[in-house]
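J.: Just so it is clear, I am handing over protein-v4.txt, which has compact mmCIF, C-alpha atoms and all ligand atoms.
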```
# COMPACT_ATOMS: atom_id res chain seq x y z
CA MET A 1 0.00 0.00 0.00
CA SER A 2 1.26 3.47 -0.76
CA ARG A 3 -0.53 6.51 0.53
CA ILE A 4 -0.54 9.80 -1.33
CA TRP A 5 0.43 13.11 0.24
CA ASN A 6 -3.11 14.44 0.47
CA PHE A 7 -3.42 18.24 0.28
CA ALA A 8 -7.23 18.23 0.02
CA ALA A 9 -9.08 21.10 1.70
CA GLY A 10 -11.72 18.83 3.21
CA PRO A 11 -12.54 16.08 3.76
CA ALA A 12 -8.84 15.97 4.39
CA VAL A 13 -5.97 13.77 5.48
CA LEU A 14 -6.27 11.98 8.83
CA PRO A 15 -3.34 10.71 10.91
CA ALA A 16 -2.30 7.27 9.59
CA GLU A 17 -1.93 6.08 13.17
CA VAL A 18 -5.58 6.89 13.84
CA LEU A 19 -6.75 5.10 10.70
CA GLU A 20 -4.74 2.03 11.69
CA GLN A 21 -6.44 2.02 15.07
CA VAL A 22 -9.87 2.39 13.42
CA LYS A 23 -9.01 -0.57 11.21
CA ASP A 24 -7.98 -2.68 14.21
CA GLU A 25 -11.15 -1.82 16.12
CA LEU A 26 -13.58 -1.87 13.19
CA LEU A 27 -15.13 -5.28 13.83
CA ASP A 28 -14.65 -5.47 17.58
CA TRP A 29 -14.24 -2.36 19.71
CA HIS A 30 -12.40 -3.19 22.95
CA GLY A 31 -14.00 -6.62 23.23
CA ALA A 32 -17.56 -5.34 22.75
CA GLY A 33 -18.06 -7.96 20.03
CA CYS A 34 -19.12 -5.33 17.51
CA GLY A 35 -17.74 -2.15 16.02
CA VAL A 36 -18.61 1.42 17.03
CA MET A 37 -20.84 1.88 13.96
CA GLU A 38 -23.03 -0.98 15.15
CA MET A 39 -23.49 -0.17 18.82
CA SER A 40 -26.25 1.72 20.60
CA HIS A 41 -25.51 5.36 21.22
CA ARG A 42 -27.16 4.92 24.63
CA GLY A 43 -24.98 1.99 25.74
CA LYS A 44 -22.11 2.30 28.19
CA GLU A 45 -19.49 1.76 25.45
CA PHE A 46 -20.55 4.70 23.29
CA THR A 47 -21.24 6.83 26.37
CA SER A 48 -17.62 6.38 27.38
CA ILE A 49 -16.48 7.21 23.81
CA ILE A 50 -18.35 10.53 23.64
CA GLU A 51 -17.49 11.51 27.21
CA THR A 52 -13.80 10.80 26.67
CA ALA A 53 -13.87 12.74 23.40
CA GLU A 54 -15.38 15.75 25.13
CA ALA A 55 -12.95 15.56 28.06
CA ASP A 56 -9.95 15.36 25.70
CA LEU A 57 -11.23 18.25 23.59
CA ARG A 58 -11.73 20.33 26.74
CA GLU A 59 -8.19 19.55 27.83
CA LEU A 60 -6.63 20.31 24.43
CA LEU A 61 -8.39 23.66 24.01
CA GLY A 62 -8.50 24.58 27.70
CA ILE A 63 -12.26 25.03 27.50
CA PRO A 64 -13.53 26.74 30.69
CA GLY A 65 -16.16 24.92 32.76
CA ASN A 66 -18.91 27.43 31.90
CA TYR A 67 -18.88 26.39 28.23
CA LYS A 68 -20.92 23.57 26.74
CA VAL A 69 -19.41 21.30 24.10
CA LEU A 70 -21.90 19.96 21.54
CA PHE A 71 -21.43 17.33 18.84
CA LEU A 72 -23.95 18.20 16.12
CA GLN A 73 -24.80 17.28 12.55
CA GLY A 74 -25.28 19.36 9.42
CA GLY A 75 -21.70 20.63 9.16
CA ALA A 76 -20.51 24.17 9.65
CA THR A 77 -22.99 25.26 6.98
CA GLN A 78 -25.91 24.31 9.18
CA GLN A 79 -24.38 26.47 11.91
CA PHE A 80 -24.66 29.47 9.60
CA ALA A 81 -28.46 29.15 10.06
CA GLN A 82 -28.58 27.55 13.48
CA LEU A 83 -26.45 30.25 15.12
CA PRO A 84 -28.88 33.17 14.65
CA MET A 85 -31.86 30.94 15.52
CA ASN A 86 -30.19 30.33 18.88
CA LEU A 87 -28.34 33.53 19.69
CA LEU A 88 -30.21 36.30 17.86
CA PRO A 89 -33.57 37.08 19.48
CA ALA A 90 -36.34 38.61 17.36
CA GLY A 91 -35.81 42.32 16.85
CA ALA A 92 -32.12 42.18 17.82
CA SER A 93 -29.17 42.65 15.47
CA ALA A 94 -25.97 40.75 14.71
CA GLU A 95 -22.78 42.01 13.10
CA TYR A 96 -20.75 40.06 10.56
CA LEU A 97 -17.22 40.61 9.28
CA VAL A 98 -16.72 39.46 5.70
CA THR A 99 -13.14 38.46 4.95
CA GLY A 100 -13.53 35.59 2.48
CA SER A 101 -15.91 33.10 0.90
CA TRP A 102 -16.89 31.39 4.13
CA SER A 103 -17.76 34.48 6.15
CA LYS A 104 -19.66 35.73 3.10
CA LYS A 105 -21.68 32.51 3.05
CA ALA A 106 -22.28 32.82 6.78
CA ILE A 107 -23.81 36.29 6.53
CA LYS A 108 -25.86 35.37 3.48
CA GLU A 109 -27.41 32.39 5.23
CA ALA A 110 -28.04 34.35 8.43
CA GLN A 111 -29.78 37.08 6.41
CA ARG A 112 -31.93 34.48 4.69
CA VAL A 113 -33.02 32.88 7.94
CA CYS A 114 -33.52 36.16 9.80
CA GLU A 115 -35.48 38.00 7.14
CA GLY A 116 -38.36 39.83 8.83
CA VAL A 117 -37.21 38.61 12.25
CA ALA A 118 -33.87 40.14 13.18
CA SER A 119 -31.21 42.29 11.57
CA VAL A 120 -27.98 40.83 10.18
CA ARG A 121 -25.48 43.52 9.27
CA ASN A 122 -22.22 43.60 7.37
CA ALA A 123 -19.89 45.39 9.80
CA GLY A 124 -16.84 45.41 7.53
CA SER A 125 -15.61 43.65 4.41
CA THR A 126 -12.40 43.19 2.45
CA GLU A 127 -14.21 41.97 -0.65
CA ALA A 128 -13.12 45.09 -2.59
CA ALA A 129 -9.50 44.06 -1.87
CA GLY A 130 -10.21 40.59 -3.26
CA PHE A 131 -10.11 39.00 0.20
CA THR A 132 -6.32 39.25 0.30
CA ARG A 133 -6.06 40.56 3.84
CA ASN A 134 -7.91 40.65 7.15
CA LEU A 135 -9.77 43.72 8.29
CA ASP A 136 -7.71 46.19 10.25
CA THR A 137 -9.08 45.82 13.78
CA SER A 138 -7.27 48.77 15.36
CA VAL A 139 -9.61 51.37 16.83
CA ASN A 140 -8.58 54.16 14.46
CA ALA A 141 -8.69 52.20 11.23
CA ASN A 142 -12.39 52.86 10.54
CA GLU A 143 -12.68 49.60 8.63
CA ILE A 144 -15.14 48.08 11.04
CA SER A 145 -18.24 49.58 12.60
CA ILE A 146 -19.80 47.49 15.32
CA ASP A 147 -23.11 48.36 16.94
CA ALA A 148 -22.35 48.12 20.65
CA ASN A 149 -25.84 46.69 21.28
CA ALA A 150 -25.50 43.83 18.81
CA ALA A 151 -26.26 40.33 20.10
CA TYR A 152 -23.00 39.00 18.63
CA LEU A 153 -20.22 39.66 16.17
CA HIS A 154 -19.50 36.81 13.75
CA LEU A 155 -16.16 36.22 12.05
CA CYS A 156 -14.23 33.42 10.40
CA THR A 157 -10.75 32.97 11.85
CA ASN A 158 -9.41 30.89 8.96
CA GLU A 159 -10.72 31.50 5.48
CA THR A 160 -10.12 28.13 3.84
CA ILE A 161 -10.53 29.28 0.24
CA HIS A 162 -8.65 32.59 0.31
CA GLY A 163 -5.99 31.37 2.74
CA LEU A 164 -6.30 33.97 5.51
CA GLU A 165 -5.93 33.40 9.22
CA LEU A 166 -6.78 35.61 12.18
CA ASP A 167 -4.94 34.95 15.42
CA CYS A 168 -7.11 35.35 18.53
CA SER A 169 -4.75 38.05 19.79
CA ARG A 170 -5.92 40.27 16.92
CA LEU A 171 -9.67 40.15 17.45
CA PRO A 172 -11.64 43.42 17.10
CA GLN A 173 -11.72 45.52 20.27
CA THR A 174 -15.35 45.25 21.30
CA ASN A 175 -17.57 44.21 24.16
CA VAL A 176 -19.97 42.56 21.74
CA PRO A 177 -19.78 38.77 22.18
CA ILE A 178 -17.70 37.16 19.43
CA VAL A 179 -18.73 34.03 17.53
CA ALA A 180 -16.08 32.38 15.38
CA ASP A 181 -16.15 29.83 12.57
CA MET A 182 -12.87 27.95 13.17
CA SER A 183 -13.65 25.01 10.87
CA SER A 184 -10.32 24.92 9.09
CA HIS A 185 -7.82 25.74 11.84
CA ILE A 186 -9.33 24.57 15.11
CA LEU A 187 -6.78 22.54 17.11
CA SER A 188 -3.88 23.78 14.96
CA ARG A 189 -2.71 26.20 17.67
CA PRO A 190 -3.68 27.19 21.19
CA VAL A 191 -6.68 29.49 21.45
CA ASP A 192 -8.11 31.51 24.32
CA VAL A 193 -11.65 30.15 24.31
CA SER A 194 -12.76 32.69 26.93
CA LYS A 195 -12.49 35.44 24.30
CA TYR A 196 -15.42 33.90 22.43
CA ALA A 197 -19.11 33.51 23.19
CA MET A 198 -19.15 30.60 20.77
CA ILE A 199 -16.78 28.68 18.52
CA TYR A 200 -17.92 26.22 15.88
CA ALA A 201 -16.21 23.95 13.38
CA GLY A 202 -17.10 21.24 10.90
CA ALA A 203 -14.92 18.21 11.60
CA GLN A 204 -13.61 17.23 8.19
CA LYS A 205 -10.76 19.76 7.96
CA ASN A 206 -8.80 19.41 11.16
CA ILE A 207 -10.75 17.08 13.44
CA GLY A 208 -12.11 13.89 11.91
CA PRO A 209 -14.57 12.52 9.34
CA SER A 210 -17.37 14.67 7.93
CA GLY A 211 -20.73 14.29 9.59
CA VAL A 212 -20.04 15.99 12.90
CA ALA A 213 -19.73 19.65 13.75
CA ILE A 214 -18.49 20.90 17.08
CA VAL A 215 -20.06 23.83 18.91
CA ILE A 216 -18.43 25.30 22.01
CA VAL A 217 -20.80 27.82 23.57
CA ARG A 218 -20.78 29.80 26.80
CA GLU A 219 -23.67 28.71 29.00
CA ASP A 220 -25.15 32.17 29.50
CA PHE A 221 -25.78 32.48 25.74
CA LEU A 222 -28.14 29.53 25.82
CA GLY A 223 -31.86 29.86 26.34
CA LYS A 224 -32.42 32.67 23.82
CA ALA A 225 -33.50 30.43 20.96
CA TRP A 226 -36.47 31.24 18.77
CA LYS A 227 -39.67 29.59 20.00
CA THR A 228 -40.19 27.95 16.60
CA ILE A 229 -36.71 26.39 16.39
CA PRO A 230 -36.65 22.63 15.66
CA SER A 231 -35.57 20.91 18.87
CA VAL A 232 -32.57 19.17 17.23
CA MET A 233 -31.30 22.64 16.35
CA ASP A 234 -31.71 24.12 19.81
CA TYR A 235 -28.32 24.29 21.54
CA ALA A 236 -29.92 24.31 25.01
CA VAL A 237 -31.95 21.19 24.26
CA MET A 238 -28.90 19.47 22.78
CA ALA A 239 -26.80 20.49 25.80
CA GLU A 240 -29.39 19.10 28.22
CA ASN A 241 -29.29 15.83 26.31
CA GLY A 242 -25.52 15.49 26.03
CA SER A 243 -25.75 15.95 22.22
CA MET A 244 -28.00 12.88 22.15
CA LEU A 245 -31.54 14.13 21.77
CA ASN A 246 -31.50 11.82 18.78
CA THR A 247 -28.88 9.48 17.33
CA PRO A 248 -25.61 11.38 16.99
CA PRO A 249 -23.04 10.70 14.22
CA THR A 250 -21.41 8.01 16.35
CA PHE A 251 -18.63 6.87 14.03
CA ALA A 252 -17.50 10.44 13.27
CA ILE A 253 -17.45 11.26 16.98
CA TYR A 254 -15.44 8.11 17.71
CA VAL A 255 -12.79 8.88 15.07
CA SER A 256 -12.65 12.52 16.23
CA GLY A 257 -12.00 11.23 19.73
CA LEU A 258 -9.08 9.16 18.45
CA VAL A 259 -7.69 12.28 16.76
CA PHE A 260 -7.91 14.15 20.09
CA LYS A 261 -5.88 11.35 21.72
CA TRP A 262 -3.38 11.55 18.86
CA LEU A 263 -3.05 15.33 19.36
CA LYS A 264 -2.36 14.77 23.04
CA ARG A 265 0.35 12.25 22.14
CA GLN A 266 1.94 14.85 19.85
CA GLY A 267 2.26 17.15 22.86
CA GLY A 268 -0.96 19.16 22.56
CA LEU A 269 -1.69 22.38 20.74
CA ALA A 270 1.46 24.31 21.68
CA GLU A 271 3.49 21.54 20.02
CA MET A 272 1.13 21.38 17.04
CA GLU A 273 1.54 25.10 16.58
CA LYS A 274 5.33 24.74 16.35
CA ILE A 275 5.03 22.00 13.77
CA ASN A 276 2.36 23.87 11.79
CA ARG A 277 4.35 27.10 11.83
CA HIS A 278 7.39 25.27 10.50
CA LYS A 279 5.41 23.53 7.74
CA ALA A 280 3.86 26.84 6.65
CA GLU A 281 7.26 28.56 6.67
CA LEU A 282 8.73 25.91 4.39
CA LEU A 283 5.95 26.33 1.84
CA TYR A 284 5.67 30.13 1.92
CA ALA A 285 9.48 30.41 1.64
CA CYS A 286 9.37 28.24 -1.48
CA ILE A 287 6.71 30.55 -2.95
CA ASP A 288 8.38 33.81 -1.93
CA GLU A 289 11.84 32.74 -3.11
CA SER A 290 10.61 31.66 -6.55
CA GLU A 291 11.22 35.07 -8.16
CA GLY A 292 7.53 35.40 -8.98
CA PHE A 293 7.14 31.96 -10.53
CA TYR A 294 4.79 31.10 -7.65
CA ARG A 295 2.66 33.78 -6.02
CA ASN A 296 0.49 33.96 -2.95
CA PRO A 297 -1.62 37.13 -2.92
CA VAL A 298 -2.33 37.32 0.83
CA ARG A 299 -0.77 40.02 3.05
CA VAL A 300 2.08 38.28 4.87
CA ALA A 301 0.76 38.92 8.39
CA ASP A 302 -2.61 37.39 7.45
CA ARG A 303 -1.42 34.23 5.71
CA SER A 304 -3.00 30.99 6.85
CA ARG A 305 -0.81 28.22 8.21
CA MET A 306 -3.43 25.70 7.12
CA ASN A 307 -4.51 26.64 3.57
CA VAL A 308 -1.94 28.00 1.15
CA PRO A 309 -3.31 29.15 -2.21
CA PHE A 310 -0.80 29.99 -4.92
CA THR A 311 -0.74 30.70 -8.62
CA LEU A 312 1.87 29.77 -11.20
CA ALA A 313 3.72 32.15 -13.55
CA SER A 314 1.05 31.48 -16.17
CA ALA A 315 -2.26 29.65 -16.02
CA GLU A 316 -1.15 27.48 -18.97
CA LEU A 317 1.23 25.72 -16.57
CA ASP A 318 -1.61 24.63 -14.27
CA THR A 319 -2.45 21.46 -16.19
CA ASP A 320 1.18 20.30 -16.22
CA PHE A 321 1.62 21.14 -12.55
CA LEU A 322 -1.44 19.13 -11.57
CA ALA A 323 -0.59 16.13 -13.73
CA GLU A 324 3.08 16.01 -12.71
CA SER A 325 2.42 16.59 -9.00
CA LYS A 326 -0.16 13.83 -9.05
CA ALA A 327 2.33 11.48 -10.69
CA ALA A 328 4.77 12.39 -7.91
CA GLY A 329 2.23 11.29 -5.28
CA LEU A 330 1.09 14.81 -4.35
CA ALA A 331 -2.70 14.91 -4.53
CA SER A 332 -5.58 17.40 -4.53
CA LEU A 333 -3.59 20.55 -5.20
CA LYS A 334 -6.11 22.17 -7.55
CA GLY A 335 -7.21 25.53 -6.17
CA HIS A 336 -10.80 26.45 -5.47
CA LYS A 337 -12.58 27.52 -8.65
CA SER A 338 -13.30 31.01 -7.25
CA VAL A 339 -9.57 31.72 -6.73
CA GLY A 340 -7.91 29.57 -9.40
CA GLY A 341 -4.36 28.27 -9.37
CA MET A 342 -3.35 25.81 -6.67
CA ARG A 343 -4.06 25.32 -2.99
CA ALA A 344 -2.17 23.17 -0.54
CA SER A 345 -4.04 22.43 2.66
CA ILE A 346 -1.53 21.44 5.31
CA TYR A 347 -3.66 20.56 8.32
CA ASN A 348 -2.45 18.94 11.55
CA ALA A 349 -2.40 15.47 9.99
CA MET A 350 -0.12 16.49 7.08
CA PRO A 351 3.38 15.45 8.15
CA THR A 352 6.33 17.82 7.64
CA ASP A 353 7.72 15.25 5.19
CA GLY A 354 4.67 15.77 2.98
CA VAL A 355 5.31 19.51 2.86
CA ARG A 356 9.00 18.86 2.11
CA ALA A 357 7.99 16.58 -0.76
CA LEU A 358 5.73 19.32 -2.14
CA VAL A 359 8.44 21.98 -1.83
CA GLU A 360 10.99 19.76 -3.59
CA PHE A 361 8.53 19.11 -6.38
CA MET A 362 7.75 22.83 -6.74
CA GLN A 363 11.44 23.76 -6.89
CA ASP A 364 12.12 21.11 -9.51
CA PHE A 365 9.04 22.06 -11.56
CA ARG A 366 10.12 25.68 -11.55
CA LYS A 367 13.64 24.80 -12.67
CA ARG A 368 12.24 22.88 -15.59
CA LYS A 369 9.50 25.35 -16.65
CA ALA A 370 10.71 28.84 -15.74
C1 LIG A 401 -15.52 23.86 4.99
C2 LIG A 401 -15.93 25.07 5.74
C3 LIG A 401 -17.27 25.33 6.04
C4 LIG A 401 -18.40 24.41 5.58
O1 LIG A 401 -18.32 23.21 6.21
P1 LIG A 401 -19.42 22.07 5.94
O2 LIG A 401 -19.12 21.12 7.03
O3 LIG A 401 -19.18 21.54 4.57
O4 LIG A 401 -20.76 22.68 6.06
C5 LIG A 401 -17.57 26.46 6.76
N1 LIG A 401 -16.61 27.31 7.16
C6 LIG A 401 -15.31 27.10 6.89
C7 LIG A 401 -14.29 28.06 7.38
C8 LIG A 401 -14.93 25.97 6.17
O5 LIG A 401 -13.63 25.75 5.90
```
Let me see the file written as structure tokens.
T.:
Amino acid sequence: MSRIWNFAAGPAVLPAEVLEQVKDELLDWHGAGCGVMEMSHRGKEFTSIIETAEADLRELLGIPGNYKVLFLQGGATQQFAQLPMNLLPAGASAEYLVTGSWSKKAIKEAQRVCEGVASVRNAGSTEAAGFTRNLDTSVNANEISIDANAAYLHLCTNETIHGLELDCSRLPQTNVPIVADMSSHILSRPVDVSKYAMIYAGAQKNIGPSGVAIVIVREDFLGKAWKTIPSVMDYAVMAENGSMLNTPPTFAIYVSGLVFKWLKRQGGLAEMEKINRHKAELLYACIDESEGFYRNPVRVADRSRMNVPFTLASAELDTDFLAESKAAGLASLKGHKSVGGMRASIYNAMPTDGVRALVEFMQDFRKRKA
């Protein structure tokens, strides 16, 4: 068996060690006589799986005790709608920062759901700059206007398509509660959870298989849900039921739990950050030292360590690059259609050796084609 270096944006690479363990436990989990996919979500085996997963996630992220952790379905996209139904009471307003495709989708969906009920406002956008930088959050920059009475401020801390990342030390200065979509960089670095009212993430970028989304929400933000909200979408109801009002995505939660254990074995998020920073440095250096053969358009301070979009000297080279990289065992490098060019997603589970292999290929390709 030979595994590719998988640079897919999501669903994405998982740690080989975790997949081996899944394989070993597939037919018989810890002597249960059946696999996790086949067991009751109410039984003591699965109860221990979900409780351990939550405890490990709490430990990794340092989640304070007054936050609930929910394992939900519908992906991060469902959260775009579910969030205002839970946290934006009728007649209230929410502010959204638009810094890339995902935050743009988030505001669009919130506006759709809230039409005639509550106000969803664009509080600042970098769309005119082609989403190549984050908003300037300093008080005097005048790029952002936040209504101090807003129920929450929504932002996306890693724009997967445009390749922008916002470190939690550079959040806007505001007393308005902040809600962050961290789908594509959660667990890649330490984060101060207490700075957020809520954090959410779909699993298939940096956590586990698709099918589960994680919501981390401060308890005092619960209980404001619309009266008409479906009960499976009500965070408070889900919290009361330990994410098991109905059948949860058991297999995805199980594999996510194994990834949390794997992250702990790597040394936790401080260690992951070191590794991720190094991987990103290798790749950005290759781009920046290519004398314009490769280009990444994002302002240096805002570049994502997880998703690295880049273009080649001419678009005619794209086909060759994709075919030759694939032949070299480097997969899923085609950029998102809205940005073009290439994109390498280098999540937690992408080993440094994979990034080195990509860099070597890129240097060689350039030598041959420049
Ligand atoms: C992938 C992604 C989403 C959408 O996730 P789904 O689970 O497919 O709904 C939302 N936000 C960000 C930042 C993403 O990367």
J.: Mind pulling up the distance from CA of Leu166 in chain A to CA of Glu95 in chain A?
T.: 17.3 Å
J.: List as a PDB file with C-alpha atoms, in the coordinates of the input the protein and nucleic acid residues lying within 8 Å of ligand LIG 401 (chain A), with only C-alpha atoms and all ligand atoms counted.
T.:
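And here is the file that came out, pocket00.pdb:
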```pdb
ATOM      1  CA  ALA A   9      -9.080  21.100   1.700  1.00  0.00           C
ATOM      2  CA  GLY A  10     -11.720  18.830   3.210  1.00  0.00           C
ATOM      3  CA  GLY A  74     -25.280  19.360   9.420  1.00  0.00           C
ATOM      4  CA  GLY A  75     -21.700  20.630   9.160  1.00  0.00           C
ATOM      5  CA  ALA A  76     -20.510  24.170   9.650  1.00  0.00           C
ATOM      6  CA  THR A  77     -22.990  25.260   6.980  1.00  0.00           C
ATOM      7  CA  GLN A  78     -25.910  24.310   9.180  1.00  0.00           C
ATOM      8  CA  GLN A  79     -24.380  26.470  11.910  1.00  0.00           C
ATOM      9  CA  TRP A 102     -16.890  31.390   4.130  1.00  0.00           C
ATOM     10  CA  SER A 103     -17.760  34.480   6.150  1.00  0.00           C
ATOM     11  CA  ALA A 106     -22.280  32.820   6.780  1.00  0.00           C
ATOM     12  CA  CYS A 156     -14.230  33.420  10.400  1.00  0.00           C
ATOM     13  CA  THR A 157     -10.750  32.970  11.850  1.00  0.00           C
ATOM     14  CA  ASN A 158      -9.410  30.890   8.960  1.00  0.00           C
ATOM     15  CA  GLU A 159     -10.720  31.500   5.480  1.00  0.00           C
ATOM     16  CA  THR A 160     -10.120  28.130   3.840  1.00  0.00           C
ATOM     17  CA  ILE A 161     -10.530  29.280   0.240  1.00  0.00           C
ATOM     18  CA  ASP A 181     -16.150  29.830  12.570  1.00  0.00           C
ATOM     19  CA  MET A 182     -12.870  27.950  13.170  1.00  0.00           C
ATOM     20  CA  SER A 183     -13.650  25.010  10.870  1.00  0.00           C
ATOM     21  CA  SER A 184     -10.320  24.920   9.090  1.00  0.00           C
ATOM     22  CA  ALA A 201     -16.210  23.950  13.380  1.00  0.00           C
ATOM     23  CA  GLY A 202     -17.100  21.240  10.900  1.00  0.00           C
ATOM     24  CA  ALA A 203     -14.920  18.210  11.600  1.00  0.00           C
ATOM     25  CA  GLN A 204     -13.610  17.230   8.190  1.00  0.00           C
ATOM     26  CA  LYS A 205     -10.760  19.760   7.960  1.00  0.00           C
ATOM     27  CA  SER A 210     -17.370  14.670   7.930  1.00  0.00           C
ATOM     28  CA  GLY A 211     -20.730  14.290   9.590  1.00  0.00           C
ATOM     29  CA  VAL A 212     -20.040  15.990  12.900  1.00  0.00           C
ATOM     30  CA  ALA A 213     -19.730  19.650  13.750  1.00  0.00           C
TER      31      ALA A 213
END
```
J.: Compile the contact shell of His30 in chain A as a ChimeraX atom specification: residues with an atom at most 12 Å away, counting all atoms listed in the file, same-chain residues fewer than 4 positions apart removed.
T.: /A:21-22,24-26,34-36,45-46,48-49
J.: Set the distance at 10 Å and use all atoms listed in the file: which residues neighbour Tyr196 in chain A once local chain neighbours fewer than 4 positions away are removed? I'd like the list as a VMD selection string.
T.: chain A and resid 152 to 153 168 171 176 to 180 191 to 192 216 to 218
J.: Keeping only C-alpha atoms, write the selected residues as a PDB file, in the frame of the given file.
T.:
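part-v9.pdb, written as the output of this step:
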```
ATOM      1  CA  TYR A 152     -23.000  39.000  18.630  1.00  0.00           C
ATOM      2  CA  LEU A 153     -20.220  39.660  16.170  1.00  0.00           C
ATOM      3  CA  CYS A 168      -7.110  35.350  18.530  1.00  0.00           C
ATOM      4  CA  LEU A 171      -9.670  40.150  17.450  1.00  0.00           C
ATOM      5  CA  VAL A 176     -19.970  42.560  21.740  1.00  0.00           C
ATOM      6  CA  PRO A 177     -19.780  38.770  22.180  1.00  0.00           C
ATOM      7  CA  ILE A 178     -17.700  37.160  19.430  1.00  0.00           C
ATOM      8  CA  VAL A 179     -18.730  34.030  17.530  1.00  0.00           C
ATOM      9  CA  ALA A 180     -16.080  32.380  15.380  1.00  0.00           C
ATOM     10  CA  VAL A 191      -6.680  29.490  21.450  1.00  0.00           C
ATOM     11  CA  ASP A 192      -8.110  31.510  24.320  1.00  0.00           C
ATOM     12  CA  ILE A 216     -18.430  25.300  22.010  1.00  0.00           C
ATOM     13  CA  VAL A 217     -20.800  27.820  23.570  1.00  0.00           C
ATOM     14  CA  ARG A 218     -20.780  29.800  26.800  1.00  0.00           C
TER      15      ARG A 218
END
```
J.: Using all atoms listed in the file, which residues sit within 9 Å of range 343-360 of chain A once same-chain residues fewer than 3 positions away are excluded, as a PDB file with C-alpha atoms, in the frame of the given file?
T.:
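Written file, part_4.pdb:
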```pdb
ATOM      1  CA  TRP A   5       0.430  13.110   0.240  1.00  0.00           C
ATOM      2  CA  ASN A   6      -3.110  14.440   0.470  1.00  0.00           C
ATOM      3  CA  PHE A   7      -3.420  18.240   0.280  1.00  0.00           C
ATOM      4  CA  ALA A   8      -7.230  18.230   0.020  1.00  0.00           C
ATOM      5  CA  ALA A   9      -9.080  21.100   1.700  1.00  0.00           C
ATOM      6  CA  GLY A  10     -11.720  18.830   3.210  1.00  0.00           C
ATOM      7  CA  ALA A  12      -8.840  15.970   4.390  1.00  0.00           C
ATOM      8  CA  VAL A  13      -5.970  13.770   5.480  1.00  0.00           C
ATOM      9  CA  LEU A  14      -6.270  11.980   8.830  1.00  0.00           C
ATOM     10  CA  PRO A  15      -3.340  10.710  10.910  1.00  0.00           C
ATOM     11  CA  ALA A  16      -2.300   7.270   9.590  1.00  0.00           C
ATOM     12  CA  THR A 160     -10.120  28.130   3.840  1.00  0.00           C
ATOM     13  CA  ILE A 161     -10.530  29.280   0.240  1.00  0.00           C
ATOM     14  CA  GLY A 163      -5.990  31.370   2.740  1.00  0.00           C
ATOM     15  CA  SER A 184     -10.320  24.920   9.090  1.00  0.00           C
ATOM     16  CA  HIS A 185      -7.820  25.740  11.840  1.00  0.00           C
ATOM     17  CA  LEU A 187      -6.780  22.540  17.110  1.00  0.00           C
ATOM     18  CA  SER A 188      -3.880  23.780  14.960  1.00  0.00           C
ATOM     19  CA  LYS A 205     -10.760  19.760   7.960  1.00  0.00           C
ATOM     20  CA  ASN A 206      -8.800  19.410  11.160  1.00  0.00           C
ATOM     21  CA  ILE A 207     -10.750  17.080  13.440  1.00  0.00           C
ATOM     22  CA  LEU A 263      -3.050  15.330  19.360  1.00  0.00           C
ATOM     23  CA  MET A 272       1.130  21.380  17.040  1.00  0.00           C
ATOM     24  CA  GLU A 273       1.540  25.100  16.580  1.00  0.00           C
ATOM     25  CA  ILE A 275       5.030  22.000  13.770  1.00  0.00           C
ATOM     26  CA  ASN A 276       2.360  23.870  11.790  1.00  0.00           C
ATOM     27  CA  HIS A 278       7.390  25.270  10.500  1.00  0.00           C
ATOM     28  CA  LYS A 279       5.410  23.530   7.740  1.00  0.00           C
ATOM     29  CA  ALA A 280       3.860  26.840   6.650  1.00  0.00           C
ATOM     30  CA  LEU A 282       8.730  25.910   4.390  1.00  0.00           C
ATOM     31  CA  LEU A 283       5.950  26.330   1.840  1.00  0.00           C
ATOM     32  CA  CYS A 286       9.370  28.240  -1.480  1.00  0.00           C
ATOM     33  CA  ILE A 287       6.710  30.550  -2.950  1.00  0.00           C
ATOM     34  CA  ARG A 305      -0.810  28.220   8.210  1.00  0.00           C
ATOM     35  CA  MET A 306      -3.430  25.700   7.120  1.00  0.00           C
ATOM     36  CA  ASN A 307      -4.510  26.640   3.570  1.00  0.00           C
ATOM     37  CA  VAL A 308      -1.940  28.000   1.150  1.00  0.00           C
ATOM     38  CA  PRO A 309      -3.310  29.150  -2.210  1.00  0.00           C
ATOM     39  CA  PHE A 310      -0.800  29.990  -4.920  1.00  0.00           C
ATOM     40  CA  THR A 311      -0.740  30.700  -8.620  1.00  0.00           C
ATOM     41  CA  SER A 325       2.420  16.590  -9.000  1.00  0.00           C
ATOM     42  CA  ALA A 328       4.770  12.390  -7.910  1.00  0.00           C
ATOM     43  CA  LEU A 330       1.090  14.810  -4.350  1.00  0.00           C
ATOM     44  CA  SER A 332      -5.580  17.400  -4.530  1.00  0.00           C
ATOM     45  CA  LEU A 333      -3.590  20.550  -5.200  1.00  0.00           C
ATOM     46  CA  LYS A 334      -6.110  22.170  -7.550  1.00  0.00           C
ATOM     47  CA  GLY A 335      -7.210  25.530  -6.170  1.00  0.00           C
ATOM     48  CA  HIS A 336     -10.800  26.450  -5.470  1.00  0.00           C
ATOM     49  CA  GLY A 340      -7.910  29.570  -9.400  1.00  0.00           C
ATOM     50  CA  GLN A 363      11.440  23.760  -6.890  1.00  0.00           C
ATOM     51  CA  ASP A 364      12.120  21.110  -9.510  1.00  0.00           C
ATOM     52  CA  PHE A 365       9.040  22.060 -11.560  1.00  0.00           C
TER      53      PHE A 365
END
```
J.: Between A:Lys224, A:Arg368, A:Ser231, A:Ala128, which residue has the minimum interatomic distance to Asp320 in chain A, considering all atoms listed in the file?
T.: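 For Asp320 in chain A, the nearest of the candidates is A:Arg368.
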J.: How many Å lie between CA of Gly267 in chain A and CA of Asp302 in chain A, rounded to one decimal?
T.: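 Result for CA of Gly267 in chain A versus CA of Asp302 in chain A: 25.9 Å, one decimal.
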